[in-house]
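**Student:** See coords03.txt below, with compact mmCIF, N, CA and C atoms.
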```txt
# COMPACT_ATOMS: atom_id res chain seq x y z
N MET A 26 -51.79 -0.79 22.80
CA MET A 26 -52.21 -0.68 21.41
C MET A 26 -52.81 -2.02 20.98
N SER A 27 -53.97 -1.95 20.45
CA SER A 27 -54.65 -3.17 20.02
C SER A 27 -54.51 -3.34 18.52
N GLY A 28 -54.19 -4.54 18.11
CA GLY A 28 -54.08 -4.86 16.70
C GLY A 28 -54.83 -6.14 16.44
N LYS A 29 -54.45 -6.81 15.37
CA LYS A 29 -55.07 -8.09 15.05
C LYS A 29 -54.00 -9.12 14.82
N SER A 30 -54.32 -10.34 15.22
CA SER A 30 -53.43 -11.45 14.94
C SER A 30 -53.63 -11.83 13.47
N PRO A 31 -52.71 -12.60 12.89
CA PRO A 31 -52.88 -12.99 11.49
C PRO A 31 -54.23 -13.67 11.20
N SER A 32 -54.78 -14.38 12.19
CA SER A 32 -56.05 -15.07 11.95
C SER A 32 -57.26 -14.15 12.12
N GLY A 33 -57.01 -12.87 12.45
CA GLY A 33 -58.09 -11.90 12.51
C GLY A 33 -58.63 -11.58 13.89
N ALA A 34 -58.07 -12.17 14.94
CA ALA A 34 -58.53 -11.89 16.29
C ALA A 34 -57.87 -10.63 16.83
N LEU A 35 -58.60 -9.87 17.64
CA LEU A 35 -58.00 -8.72 18.31
C LEU A 35 -56.87 -9.22 19.19
N SER A 36 -55.74 -8.52 19.16
CA SER A 36 -54.60 -8.93 19.96
C SER A 36 -53.79 -7.71 20.35
N PRO A 37 -53.59 -7.46 21.63
CA PRO A 37 -54.13 -8.25 22.72
C PRO A 37 -55.62 -7.98 22.91
N TYR A 38 -56.31 -8.98 23.42
CA TYR A 38 -57.75 -8.89 23.65
C TYR A 38 -57.96 -8.69 25.14
N TYR A 39 -58.62 -7.60 25.53
CA TYR A 39 -58.89 -7.32 26.94
C TYR A 39 -60.16 -8.03 27.36
N TYR A 40 -60.10 -8.75 28.49
CA TYR A 40 -61.26 -9.51 28.96
C TYR A 40 -61.19 -9.64 30.48
N LYS A 41 -62.22 -9.15 31.17
CA LYS A 41 -62.35 -9.31 32.61
C LYS A 41 -61.07 -8.96 33.39
N GLY A 42 -60.45 -7.87 33.03
CA GLY A 42 -59.28 -7.40 33.77
C GLY A 42 -57.94 -7.96 33.32
N GLY A 43 -57.93 -8.76 32.25
CA GLY A 43 -56.67 -9.31 31.76
C GLY A 43 -56.63 -9.30 30.24
N TYR A 44 -55.51 -9.74 29.72
CA TYR A 44 -55.31 -9.76 28.27
C TYR A 44 -54.92 -11.16 27.80
N PHE A 45 -55.31 -11.46 26.57
CA PHE A 45 -54.86 -12.70 25.95
C PHE A 45 -54.77 -12.50 24.44
N HIS A 46 -54.14 -13.46 23.79
CA HIS A 46 -53.98 -13.46 22.33
C HIS A 46 -54.93 -14.50 21.76
N GLY A 47 -55.85 -14.08 20.93
CA GLY A 47 -56.80 -15.01 20.33
C GLY A 47 -56.32 -15.52 18.98
N ILE A 48 -56.57 -16.80 18.73
CA ILE A 48 -56.22 -17.41 17.45
C ILE A 48 -57.45 -18.14 16.91
N HIS A 49 -57.87 -17.78 15.71
CA HIS A 49 -59.02 -18.42 15.07
C HIS A 49 -58.55 -19.51 14.11
N TYR A 50 -58.58 -20.74 14.58
CA TYR A 50 -58.32 -21.88 13.71
C TYR A 50 -59.62 -22.64 13.46
N GLY A 51 -60.73 -22.03 13.81
CA GLY A 51 -62.03 -22.64 13.60
C GLY A 51 -62.56 -22.36 12.21
N SER A 52 -63.54 -23.15 11.80
CA SER A 52 -64.23 -23.03 10.52
C SER A 52 -63.35 -23.28 9.30
N TYR A 53 -62.32 -24.09 9.48
CA TYR A 53 -61.53 -24.53 8.32
C TYR A 53 -62.10 -25.84 7.75
N PHE A 54 -63.01 -26.46 8.49
CA PHE A 54 -63.66 -27.70 8.07
C PHE A 54 -62.60 -28.71 7.60
N ASP A 55 -62.60 -29.09 6.33
CA ASP A 55 -61.63 -30.07 5.80
C ASP A 55 -60.49 -29.43 5.02
N ASP A 56 -60.37 -28.12 5.08
CA ASP A 56 -59.34 -27.40 4.31
C ASP A 56 -58.03 -27.31 5.12
N ALA A 57 -57.35 -28.45 5.23
CA ALA A 57 -56.14 -28.53 6.04
C ALA A 57 -55.03 -27.62 5.50
N GLU A 58 -54.91 -27.50 4.20
CA GLU A 58 -53.83 -26.69 3.63
C GLU A 58 -53.96 -25.23 4.03
N SER A 59 -55.17 -24.69 4.00
CA SER A 59 -55.39 -23.30 4.44
C SER A 59 -55.09 -23.15 5.93
N LEU A 60 -55.50 -24.14 6.70
CA LEU A 60 -55.20 -24.12 8.14
C LEU A 60 -53.70 -24.12 8.37
N TYR A 61 -52.96 -24.96 7.67
CA TYR A 61 -51.50 -25.02 7.83
C TYR A 61 -50.86 -23.67 7.51
N ARG A 62 -51.34 -23.00 6.48
CA ARG A 62 -50.80 -21.68 6.12
C ARG A 62 -51.06 -20.68 7.24
N MET A 63 -52.27 -20.75 7.83
CA MET A 63 -52.59 -19.82 8.92
C MET A 63 -51.75 -20.14 10.16
N ILE A 64 -51.53 -21.41 10.44
CA ILE A 64 -50.70 -21.81 11.57
C ILE A 64 -49.29 -21.21 11.40
N GLU A 65 -48.75 -21.28 10.20
CA GLU A 65 -47.42 -20.71 9.94
C GLU A 65 -47.40 -19.21 10.19
N LYS A 66 -48.43 -18.50 9.75
CA LYS A 66 -48.49 -17.05 9.94
C LYS A 66 -48.59 -16.70 11.42
N GLU A 67 -49.48 -17.39 12.15
CA GLU A 67 -49.63 -17.12 13.59
C GLU A 67 -48.33 -17.43 14.33
N GLU A 68 -47.71 -18.53 13.99
CA GLU A 68 -46.48 -18.94 14.65
C GLU A 68 -45.38 -17.88 14.45
N ARG A 69 -45.22 -17.44 13.22
CA ARG A 69 -44.22 -16.41 12.92
C ARG A 69 -44.53 -15.14 13.72
N PHE A 70 -45.79 -14.73 13.75
CA PHE A 70 -46.22 -13.53 14.47
C PHE A 70 -45.85 -13.63 15.95
N ILE A 71 -46.15 -14.76 16.57
CA ILE A 71 -45.89 -14.93 18.00
C ILE A 71 -44.40 -15.07 18.29
N LEU A 72 -43.70 -15.86 17.51
CA LEU A 72 -42.29 -16.09 17.79
C LEU A 72 -41.41 -14.87 17.48
N GLU A 73 -41.89 -13.97 16.64
CA GLU A 73 -41.12 -12.76 16.34
C GLU A 73 -41.28 -11.69 17.41
N SER A 74 -42.19 -11.87 18.35
CA SER A 74 -42.36 -10.90 19.43
C SER A 74 -41.75 -11.48 20.70
N PRO A 75 -41.23 -10.61 21.56
CA PRO A 75 -40.56 -11.10 22.77
C PRO A 75 -41.52 -11.52 23.90
N GLU A 76 -42.79 -11.16 23.79
CA GLU A 76 -43.74 -11.41 24.87
C GLU A 76 -44.08 -12.88 25.05
N ARG A 77 -44.32 -13.22 26.33
CA ARG A 77 -44.96 -14.50 26.64
C ARG A 77 -46.45 -14.19 26.71
N ARG A 78 -47.28 -15.10 26.26
CA ARG A 78 -48.70 -14.80 26.10
C ARG A 78 -49.62 -15.85 26.72
N ARG A 79 -50.81 -15.36 27.01
CA ARG A 79 -51.95 -16.22 27.32
C ARG A 79 -52.67 -16.34 25.98
N ILE A 80 -52.92 -17.56 25.54
CA ILE A 80 -53.43 -17.78 24.19
C ILE A 80 -54.73 -18.58 24.22
N MET A 81 -55.69 -18.11 23.44
CA MET A 81 -56.98 -18.79 23.26
C MET A 81 -57.06 -19.26 21.82
N ILE A 82 -57.20 -20.57 21.61
CA ILE A 82 -57.34 -21.13 20.26
C ILE A 82 -58.77 -21.64 20.07
N ASP A 83 -59.41 -21.17 19.02
CA ASP A 83 -60.74 -21.63 18.62
C ASP A 83 -60.55 -22.68 17.53
N LEU A 84 -61.01 -23.91 17.80
CA LEU A 84 -60.91 -24.99 16.81
C LEU A 84 -62.29 -25.51 16.38
N TYR A 85 -63.34 -24.75 16.68
CA TYR A 85 -64.68 -25.18 16.27
C TYR A 85 -64.77 -25.30 14.76
N GLU A 86 -65.43 -26.33 14.30
CA GLU A 86 -65.72 -26.57 12.88
C GLU A 86 -64.46 -26.77 12.03
N THR A 87 -63.42 -27.33 12.64
CA THR A 87 -62.22 -27.70 11.90
C THR A 87 -62.01 -29.19 12.13
N SER A 88 -61.89 -29.95 11.07
CA SER A 88 -61.72 -31.40 11.18
C SER A 88 -60.34 -31.72 11.73
N LEU A 89 -60.32 -32.43 12.84
CA LEU A 89 -59.05 -32.81 13.47
C LEU A 89 -58.65 -34.21 13.01
N THR A 90 -58.22 -34.29 11.77
CA THR A 90 -57.70 -35.56 11.25
C THR A 90 -56.39 -35.84 11.99
N PRO A 91 -55.89 -37.06 11.94
CA PRO A 91 -54.60 -37.33 12.59
C PRO A 91 -53.49 -36.39 12.12
N GLU A 92 -53.47 -36.04 10.85
CA GLU A 92 -52.44 -35.15 10.31
C GLU A 92 -52.59 -33.74 10.87
N VAL A 93 -53.83 -33.23 10.91
CA VAL A 93 -54.08 -31.90 11.44
C VAL A 93 -53.74 -31.86 12.93
N LEU A 94 -54.15 -32.88 13.65
CA LEU A 94 -53.86 -32.95 15.08
C LEU A 94 -52.35 -32.94 15.33
N GLU A 95 -51.62 -33.70 14.55
CA GLU A 95 -50.16 -33.72 14.69
C GLU A 95 -49.56 -32.34 14.40
N ALA A 96 -50.05 -31.66 13.39
CA ALA A 96 -49.57 -30.31 13.05
C ALA A 96 -49.86 -29.33 14.18
N VAL A 97 -51.03 -29.42 14.77
CA VAL A 97 -51.40 -28.54 15.88
C VAL A 97 -50.52 -28.82 17.10
N MET A 98 -50.24 -30.07 17.39
CA MET A 98 -49.36 -30.41 18.52
C MET A 98 -47.93 -29.90 18.29
N ARG A 99 -47.42 -30.04 17.08
CA ARG A 99 -46.08 -29.51 16.77
C ARG A 99 -46.08 -27.99 16.92
N HIS A 100 -47.13 -27.36 16.46
CA HIS A 100 -47.29 -25.90 16.56
C HIS A 100 -47.27 -25.46 18.02
N ILE A 101 -48.05 -26.10 18.85
CA ILE A 101 -48.09 -25.75 20.27
C ILE A 101 -46.71 -25.99 20.90
N GLY A 102 -46.07 -27.07 20.52
CA GLY A 102 -44.73 -27.35 21.03
C GLY A 102 -43.74 -26.25 20.69
N ARG A 103 -43.78 -25.77 19.46
CA ARG A 103 -42.86 -24.69 19.05
C ARG A 103 -43.18 -23.39 19.77
N LEU A 104 -44.46 -23.16 20.08
CA LEU A 104 -44.87 -21.94 20.77
C LEU A 104 -44.69 -22.03 22.29
N SER A 105 -44.51 -23.21 22.81
CA SER A 105 -44.53 -23.41 24.27
C SER A 105 -43.63 -22.47 25.07
N PRO A 106 -42.44 -22.08 24.59
CA PRO A 106 -41.65 -21.13 25.38
C PRO A 106 -42.32 -19.77 25.54
N ARG A 107 -43.24 -19.44 24.65
CA ARG A 107 -43.93 -18.15 24.70
C ARG A 107 -45.32 -18.25 25.33
N ILE A 108 -45.73 -19.44 25.74
CA ILE A 108 -47.07 -19.63 26.30
C ILE A 108 -47.04 -19.58 27.82
N VAL A 109 -47.79 -18.64 28.38
CA VAL A 109 -48.01 -18.60 29.82
C VAL A 109 -49.11 -19.61 30.14
N LYS A 110 -50.24 -19.45 29.44
CA LYS A 110 -51.39 -20.34 29.58
C LYS A 110 -52.04 -20.48 28.20
N LEU A 111 -52.61 -21.64 27.95
CA LEU A 111 -53.27 -21.91 26.68
C LEU A 111 -54.64 -22.50 26.93
N SER A 112 -55.64 -21.92 26.29
CA SER A 112 -56.99 -22.46 26.34
C SER A 112 -57.41 -22.81 24.92
N ILE A 113 -58.01 -23.98 24.75
CA ILE A 113 -58.49 -24.41 23.44
C ILE A 113 -59.98 -24.71 23.55
N ALA A 114 -60.76 -24.11 22.66
CA ALA A 114 -62.20 -24.34 22.63
C ALA A 114 -62.55 -25.12 21.36
N ALA A 115 -63.36 -26.16 21.55
CA ALA A 115 -63.81 -27.00 20.44
C ALA A 115 -65.03 -27.78 20.90
N ASP A 116 -65.61 -28.56 19.98
CA ASP A 116 -66.75 -29.40 20.34
C ASP A 116 -66.27 -30.57 21.21
N ARG A 117 -67.19 -31.23 21.87
CA ARG A 117 -66.84 -32.31 22.82
C ARG A 117 -66.01 -33.43 22.19
N LYS A 118 -66.39 -33.86 21.01
CA LYS A 118 -65.66 -34.94 20.35
C LYS A 118 -64.20 -34.53 20.09
N SER A 119 -64.02 -33.33 19.57
CA SER A 119 -62.67 -32.83 19.30
C SER A 119 -61.86 -32.69 20.60
N LEU A 120 -62.52 -32.28 21.68
CA LEU A 120 -61.81 -32.12 22.95
C LEU A 120 -61.27 -33.45 23.46
N ARG A 121 -62.02 -34.53 23.27
CA ARG A 121 -61.53 -35.85 23.70
C ARG A 121 -60.24 -36.20 22.95
N VAL A 122 -60.24 -35.96 21.65
CA VAL A 122 -59.06 -36.23 20.82
C VAL A 122 -57.91 -35.32 21.23
N LEU A 123 -58.21 -34.04 21.44
CA LEU A 123 -57.18 -33.08 21.85
C LEU A 123 -56.57 -33.43 23.20
N ARG A 124 -57.42 -33.83 24.14
CA ARG A 124 -56.93 -34.18 25.48
C ARG A 124 -55.90 -35.30 25.39
N CYS A 125 -56.21 -36.33 24.64
CA CYS A 125 -55.27 -37.45 24.46
C CYS A 125 -54.00 -36.99 23.76
N ALA A 126 -54.15 -36.19 22.72
CA ALA A 126 -52.98 -35.72 21.97
C ALA A 126 -52.08 -34.84 22.83
N MET A 127 -52.66 -33.97 23.65
CA MET A 127 -51.87 -33.09 24.51
C MET A 127 -51.07 -33.90 25.52
N LYS A 128 -51.71 -34.90 26.11
CA LYS A 128 -51.00 -35.75 27.08
C LYS A 128 -49.89 -36.54 26.40
N LYS A 129 -50.18 -37.12 25.25
CA LYS A 129 -49.20 -37.92 24.53
C LYS A 129 -48.02 -37.06 24.07
N ALA A 130 -48.30 -35.87 23.54
CA ALA A 130 -47.25 -35.01 23.01
C ALA A 130 -46.43 -34.36 24.14
N GLY A 131 -47.05 -34.15 25.29
CA GLY A 131 -46.34 -33.54 26.41
C GLY A 131 -45.82 -32.15 26.11
N VAL A 132 -46.53 -31.39 25.28
CA VAL A 132 -46.05 -30.08 24.86
C VAL A 132 -46.21 -29.01 25.93
N LEU A 133 -47.16 -29.18 26.84
CA LEU A 133 -47.36 -28.25 27.96
C LEU A 133 -47.71 -29.04 29.22
N ASP A 134 -47.30 -28.53 30.36
CA ASP A 134 -47.70 -29.13 31.63
C ASP A 134 -49.21 -29.01 31.79
N ASP A 135 -49.80 -29.94 32.54
CA ASP A 135 -51.26 -29.93 32.75
C ASP A 135 -51.79 -28.58 33.22
N GLY A 136 -51.12 -27.91 34.12
CA GLY A 136 -51.61 -26.65 34.67
C GLY A 136 -51.52 -25.47 33.72
N ARG A 137 -50.89 -25.64 32.57
CA ARG A 137 -50.73 -24.53 31.63
C ARG A 137 -51.74 -24.56 30.50
N TYR A 138 -52.59 -25.58 30.44
CA TYR A 138 -53.60 -25.58 29.38
C TYR A 138 -54.95 -26.00 29.91
N TYR A 139 -55.98 -25.56 29.19
CA TYR A 139 -57.36 -25.79 29.58
C TYR A 139 -58.16 -26.05 28.31
N LEU A 140 -58.90 -27.14 28.29
CA LEU A 140 -59.73 -27.49 27.14
C LEU A 140 -61.19 -27.32 27.51
N CYS A 141 -61.97 -26.69 26.64
CA CYS A 141 -63.36 -26.42 26.99
C CYS A 141 -64.24 -26.31 25.74
N THR A 142 -65.54 -26.45 25.96
CA THR A 142 -66.50 -26.24 24.88
C THR A 142 -67.03 -24.81 24.89
N ASP A 143 -66.86 -24.11 25.99
CA ASP A 143 -67.38 -22.75 26.16
C ASP A 143 -66.24 -21.74 26.08
N MET A 144 -66.22 -20.94 25.03
CA MET A 144 -65.13 -19.97 24.86
C MET A 144 -65.07 -18.97 26.01
N GLU A 145 -66.21 -18.58 26.56
CA GLU A 145 -66.20 -17.62 27.68
C GLU A 145 -65.50 -18.23 28.90
N GLU A 146 -65.76 -19.51 29.13
CA GLU A 146 -65.11 -20.22 30.24
C GLU A 146 -63.59 -20.26 30.02
N GLY A 147 -63.18 -20.54 28.81
CA GLY A 147 -61.76 -20.58 28.48
C GLY A 147 -61.09 -19.23 28.64
N LYS A 148 -61.76 -18.18 28.21
CA LYS A 148 -61.22 -16.82 28.35
C LYS A 148 -61.08 -16.45 29.83
N THR A 149 -62.09 -16.79 30.61
CA THR A 149 -62.05 -16.49 32.05
C THR A 149 -60.88 -17.20 32.71
N TRP A 150 -60.67 -18.48 32.37
CA TRP A 150 -59.54 -19.23 32.94
C TRP A 150 -58.21 -18.56 32.54
N LEU A 151 -58.10 -18.13 31.30
CA LEU A 151 -56.86 -17.52 30.82
C LEU A 151 -56.46 -16.29 31.62
N VAL A 152 -57.42 -15.44 31.93
CA VAL A 152 -57.10 -14.18 32.60
C VAL A 152 -57.10 -14.30 34.12
N SER A 153 -57.47 -15.46 34.64
CA SER A 153 -57.43 -15.65 36.09
C SER A 153 -55.97 -15.79 36.53
N ASP A 154 -55.70 -15.43 37.77
CA ASP A 154 -54.32 -15.46 38.27
C ASP A 154 -53.82 -16.85 38.55
N HIS A 155 -54.71 -17.77 38.90
CA HIS A 155 -54.25 -19.13 39.19
C HIS A 155 -54.21 -19.94 37.89
N SER A 156 -53.42 -21.00 37.90
CA SER A 156 -53.29 -21.83 36.69
C SER A 156 -54.35 -22.87 36.62
```
Starting from the file, lay out its structure as structure tokens.
**Tutor:**
Amino acid sequence: MSGKSPSGALSPYYYKGGYFHGIHYGSYFDDAESLYRMIEKEERFILESPERRRIMIDLYETSLTPEVLEAVMRHIGRLSPRIVKLSIAADRKSLRVLRCAMKKAGVLDDGRYYLCTDMEEGKTWLVSDHS
């Protein structure tokens, strides 16, 4: 049964023989408060279900201020028991910041997350059998 995640993405989303949970945190620009509210809704949605998931996060066009970045890292940390694999798509500059933040926070092992500028590449990695 296909539904939608709180952020409006089809969930589960079927892609190239596999499924993943999409999260739209993109296009919040400088509206951190709205982003925080959406993070809370998505988190509640995922943590209230027993499934472990492959998750794709879109962060395009959202300003990753130090505060927003910290909130996203805490969010991923809280979700980590439910994450099989995580892919995050954003622009190159944001990916550099995210890469450093992910390593510093240690919220997921290197093999469980993938950062990319191409959402199709991220989706393909998520549904592939290898990490």
**Student:** Find the spatial neighbours of Ala96 of chain A, counting only C-alpha atoms, within a cut-off of 9 Å - ignore same-chain residues fewer than 5 positions away - and output them as a count of residues only.
**Tutor:** 4
**Student:** Measure the distance from atom CA of Leu84 of chain A to atom CA of His49 of chain A in Å and round it to one decimal.
**Tutor:**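 Rounded to one decimal, the two atoms are 7.1 Å apart.
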**Student:** For Tyr38 of chain A, list every protein, DNA or RNA residue within 9 Å, evaluated using only C-alpha atoms, and leave out those in the same chain fewer than 5 positions away; present the list as a ChimeraX atom specification.
**Tutor:** /A:27-28,43-47
**Student:** Those residues with N, CA and C atoms, as a PDB file, in the frame of the given file please?
**Tutor:**
```pdb
ATOM      1  N   SER A  27     -53.970  -1.950  20.450  1.00  0.00           N
ATOM      2  CA  SER A  27     -54.650  -3.170  20.020  1.00  0.00           C
ATOM      3  C   SER A  27     -54.510  -3.340  18.520  1.00  0.00           C
ATOM      4  N   GLY A  28     -54.190  -4.540  18.110  1.00  0.00           N
ATOM      5  CA  GLY A  28     -54.080  -4.860  16.700  1.00  0.00           C
ATOM      6  C   GLY A  28     -54.830  -6.140  16.440  1.00  0.00           C
ATOM      7  N   GLY A  43     -57.930  -8.760  32.250  1.00  0.00           N
ATOM      8  CA  GLY A  43     -56.670  -9.310  31.760  1.00  0.00           C
ATOM      9  C   GLY A  43     -56.630  -9.300  30.240  1.00  0.00           C
ATOM     10  N   TYR A  44     -55.510  -9.740  29.720  1.00  0.00           N
ATOM     11  CA  TYR A  44     -55.310  -9.760  28.270  1.00  0.00           C
ATOM     12  C   TYR A  44     -54.920 -11.160  27.800  1.00  0.00           C
ATOM     13  N   PHE A  45     -55.310 -11.460  26.570  1.00  0.00           N
ATOM     14  CA  PHE A  45     -54.860 -12.700  25.950  1.00  0.00           C
ATOM     15  C   PHE A  45     -54.770 -12.500  24.440  1.00  0.00           C
ATOM     16  N   HIS A  46     -54.140 -13.460  23.790  1.00  0.00           N
ATOM     17  CA  HIS A  46     -53.980 -13.460  22.330  1.00  0.00           C
ATOM     18  C   HIS A  46     -54.930 -14.500  21.760  1.00  0.00           C
ATOM     19  N   GLY A  47     -55.850 -14.080  20.930  1.00  0.00           N
ATOM     20  CA  GLY A  47     -56.800 -15.010  20.330  1.00  0.00           C
ATOM     21  C   GLY A  47     -56.320 -15.520  18.980  1.00  0.00           C
TER      22      GLY A  47
END
```
**Student:** Which one is closest to Leu140 of chain A: A:Arg79, A:Pro37, A:Leu123, A:Ile113? Count only N, CA and C atoms.
**Tutor:**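 Smallest distance to Leu140 of chain A is found for A:Ile113.
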**Student:** Quick one: everything within 8 Å of Met127 of chain A, counting all atoms listed in the file, minus sequence neighbours fewer than 6 positions away in the same chain. Send it as a JSON list (two decimals) with N, CA and C atoms, in the frame of the given file.
**Tutor:**
```json
[["chain", "number", "residue", "atom", "x", "y", "z"],
["A", 98, "MET", "N", -50.24, -30.07, 17.39],
["A", 98, "MET", "CA", -49.36, -30.41, 18.52],
["A", 98, "MET", "C", -47.93, -29.90, 18.29],
["A", 121, "ARG", "N", -62.02, -34.53, 23.27],
["A", 121, "ARG", "CA", -61.53, -35.85, 23.70],
["A", 121, "ARG", "C", -60.24, -36.20, 22.95],
["A", 133, "LEU", "N", -47.16, -29.18, 26.84],
["A", 133, "LEU", "CA", -47.36, -28.25, 27.96],
["A", 133, "LEU", "C", -47.71, -29.04, 29.22]]
```
**Student:** Would you list, as a PyMOL selection string, the residues of chain A that end up in strand (DSSP E) under DSSP run on this structure's backbone?
**Tutor:** chain A and resi 28-29+35-36+38-40+43-49+78-83+108-114+138-141
**Student:** Can I get the selection written as a short mmCIF file (atom, residue, chain, number, x, y, z; two decimals), in the frame of the given file, with N, CA and C atoms?
**Tutor:**
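Printed below is part.cif as written:
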```
data_model
loop_
_atom_site.label_atom_id
_atom_site.label_comp_id
_atom_site.auth_asym_id
_atom_site.auth_seq_id
_atom_site.Cartn_x
_atom_site.Cartn_y
_atom_site.Cartn_z
N GLY A 28 -54.19 -4.54 18.11
CA GLY A 28 -54.08 -4.86 16.70
C GLY A 28 -54.83 -6.14 16.44
N LYS A 29 -54.45 -6.81 15.37
CA LYS A 29 -55.07 -8.09 15.05
C LYS A 29 -54.00 -9.12 14.82
N LEU A 35 -58.60 -9.87 17.64
CA LEU A 35 -58.00 -8.72 18.31
C LEU A 35 -56.87 -9.22 19.19
N SER A 36 -55.74 -8.52 19.16
CA SER A 36 -54.60 -8.93 19.96
C SER A 36 -53.79 -7.71 20.35
N TYR A 38 -56.31 -8.98 23.42
CA TYR A 38 -57.75 -8.89 23.65
C TYR A 38 -57.96 -8.69 25.14
N TYR A 39 -58.62 -7.60 25.53
CA TYR A 39 -58.89 -7.32 26.94
C TYR A 39 -60.16 -8.03 27.36
N TYR A 40 -60.10 -8.75 28.49
CA TYR A 40 -61.26 -9.51 28.96
C TYR A 40 -61.19 -9.64 30.48
N GLY A 43 -57.93 -8.76 32.25
CA GLY A 43 -56.67 -9.31 31.76
C GLY A 43 -56.63 -9.30 30.24
N TYR A 44 -55.51 -9.74 29.72
CA TYR A 44 -55.31 -9.76 28.27
C TYR A 44 -54.92 -11.16 27.80
N PHE A 45 -55.31 -11.46 26.57
CA PHE A 45 -54.86 -12.70 25.95
C PHE A 45 -54.77 -12.50 24.44
N HIS A 46 -54.14 -13.46 23.79
CA HIS A 46 -53.98 -13.46 22.33
C HIS A 46 -54.93 -14.50 21.76
N GLY A 47 -55.85 -14.08 20.93
CA GLY A 47 -56.80 -15.01 20.33
C GLY A 47 -56.32 -15.52 18.98
N ILE A 48 -56.57 -16.80 18.73
CA ILE A 48 -56.22 -17.41 17.45
C ILE A 48 -57.45 -18.14 16.91
N HIS A 49 -57.87 -17.78 15.71
CA HIS A 49 -59.02 -18.42 15.07
C HIS A 49 -58.55 -19.51 14.11
N ARG A 78 -47.28 -15.10 26.26
CA ARG A 78 -48.70 -14.80 26.10
C ARG A 78 -49.62 -15.85 26.72
N ARG A 79 -50.81 -15.36 27.01
CA ARG A 79 -51.95 -16.22 27.32
C ARG A 79 -52.67 -16.34 25.98
N ILE A 80 -52.92 -17.56 25.54
CA ILE A 80 -53.43 -17.78 24.19
C ILE A 80 -54.73 -18.58 24.22
N MET A 81 -55.69 -18.11 23.44
CA MET A 81 -56.98 -18.79 23.26
C MET A 81 -57.06 -19.26 21.82
N ILE A 82 -57.20 -20.57 21.61
CA ILE A 82 -57.34 -21.13 20.26
C ILE A 82 -58.77 -21.64 20.07
N ASP A 83 -59.41 -21.17 19.02
CA ASP A 83 -60.74 -21.63 18.62
C ASP A 83 -60.55 -22.68 17.53
N ILE A 108 -45.73 -19.44 25.74
CA ILE A 108 -47.07 -19.63 26.30
C ILE A 108 -47.04 -19.58 27.82
N VAL A 109 -47.79 -18.64 28.38
CA VAL A 109 -48.01 -18.60 29.82
C VAL A 109 -49.11 -19.61 30.14
N LYS A 110 -50.24 -19.45 29.44
CA LYS A 110 -51.39 -20.34 29.58
C LYS A 110 -52.04 -20.48 28.20
N LEU A 111 -52.61 -21.64 27.95
CA LEU A 111 -53.27 -21.91 26.68
C LEU A 111 -54.64 -22.50 26.93
N SER A 112 -55.64 -21.92 26.29
CA SER A 112 -56.99 -22.46 26.34
C SER A 112 -57.41 -22.81 24.92
N ILE A 113 -58.01 -23.98 24.75
CA ILE A 113 -58.49 -24.41 23.44
C ILE A 113 -59.98 -24.71 23.55
N ALA A 114 -60.76 -24.11 22.66
CA ALA A 114 -62.20 -24.34 22.63
C ALA A 114 -62.55 -25.12 21.36
N TYR A 138 -52.59 -25.58 30.44
CA TYR A 138 -53.60 -25.58 29.38
C TYR A 138 -54.95 -26.00 29.91
N TYR A 139 -55.98 -25.56 29.19
CA TYR A 139 -57.36 -25.79 29.58
C TYR A 139 -58.16 -26.05 28.31
N LEU A 140 -58.90 -27.14 28.29
CA LEU A 140 -59.73 -27.49 27.14
C LEU A 140 -61.19 -27.32 27.51
N CYS A 141 -61.97 -26.69 26.64
CA CYS A 141 -63.36 -26.42 26.99
C CYS A 141 -64.24 -26.31 25.74
#
```
**Student:** Do you have the atom CA of Met144 of chain A-atom CA of Glu58 of chain A distance handy?
**Tutor:**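 Here the two named atoms are 25.0 Å from each other.
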**Student:** Let me make sure I understand: among A:Lys118, A:Lys41, A:Arg69, A:Lys129, which one has the smallest atom-to-atom distance to Thr87 of chain A if we use only C-alpha atoms?
**Tutor:**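 Checking each candidate against Thr87 of chain A, we get A:Lys118 as the closest.
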**Student:** Could you state the separation of atom CA of Tyr53 of chain A and atom CA of Glu86 of chain A in Å, given to one decimal place?
**Tutor:** 6.5 Å
**Student:** List every residue of chain A that DSSP, applied to the backbone of this structure, assigns to alpha helix (DSSP H), and report them as an NGL selection string.
**Tutor:** :A and (57-72 or 91-104 or 117-130 or 144-152)
**Student:** Taking into account all atoms listed in the file, which residue in the set A:Asp134, A:Leu151, A:Thr142, A:Gly51 is nearest to Asp116 of chain A?
**Tutor:** A:Thr142
**Student:** May I ask which of the residues A:Val122, A:Ile80, A:Ile71, A:Leu111 is the closest one to Val93 of chain A, counting only C-alpha atoms?
**Tutor:**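 Of the candidates, the smallest distance to Val93 of chain A is held by A:Val122.
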**Student:** At a cut-off of 12 Å, using only C-alpha atoms, what residues contact Gly136 of chain A? Leave out same-chain residues fewer than 2 positions from it and give the result as a count of residues only.
**Tutor:** 17
**Student:** Select, counting only C-alpha atoms, all protein, DNA and RNA residues no farther than 7 Å from (-53.1, -16.5, 10.9) in file coordinates, and express the selection as a ChimeraX atom specification.
**Tutor:** /A:30-33,63-64,66-67
**Student:** Counting only C-alpha atoms, figure out which residue out of A:Tyr40, A:Ser52, A:Ala126, A:Cys141 gets nearest to Gly102 of chain A.
**Tutor:** A:Ala126
**Student:** Which of these, A:Ser105, A:Asp154, A:Val97, A:Lys29, has the shortest distance to Asp83 of chain A once you count only C-alpha atoms?
**Tutor:** A:Val97
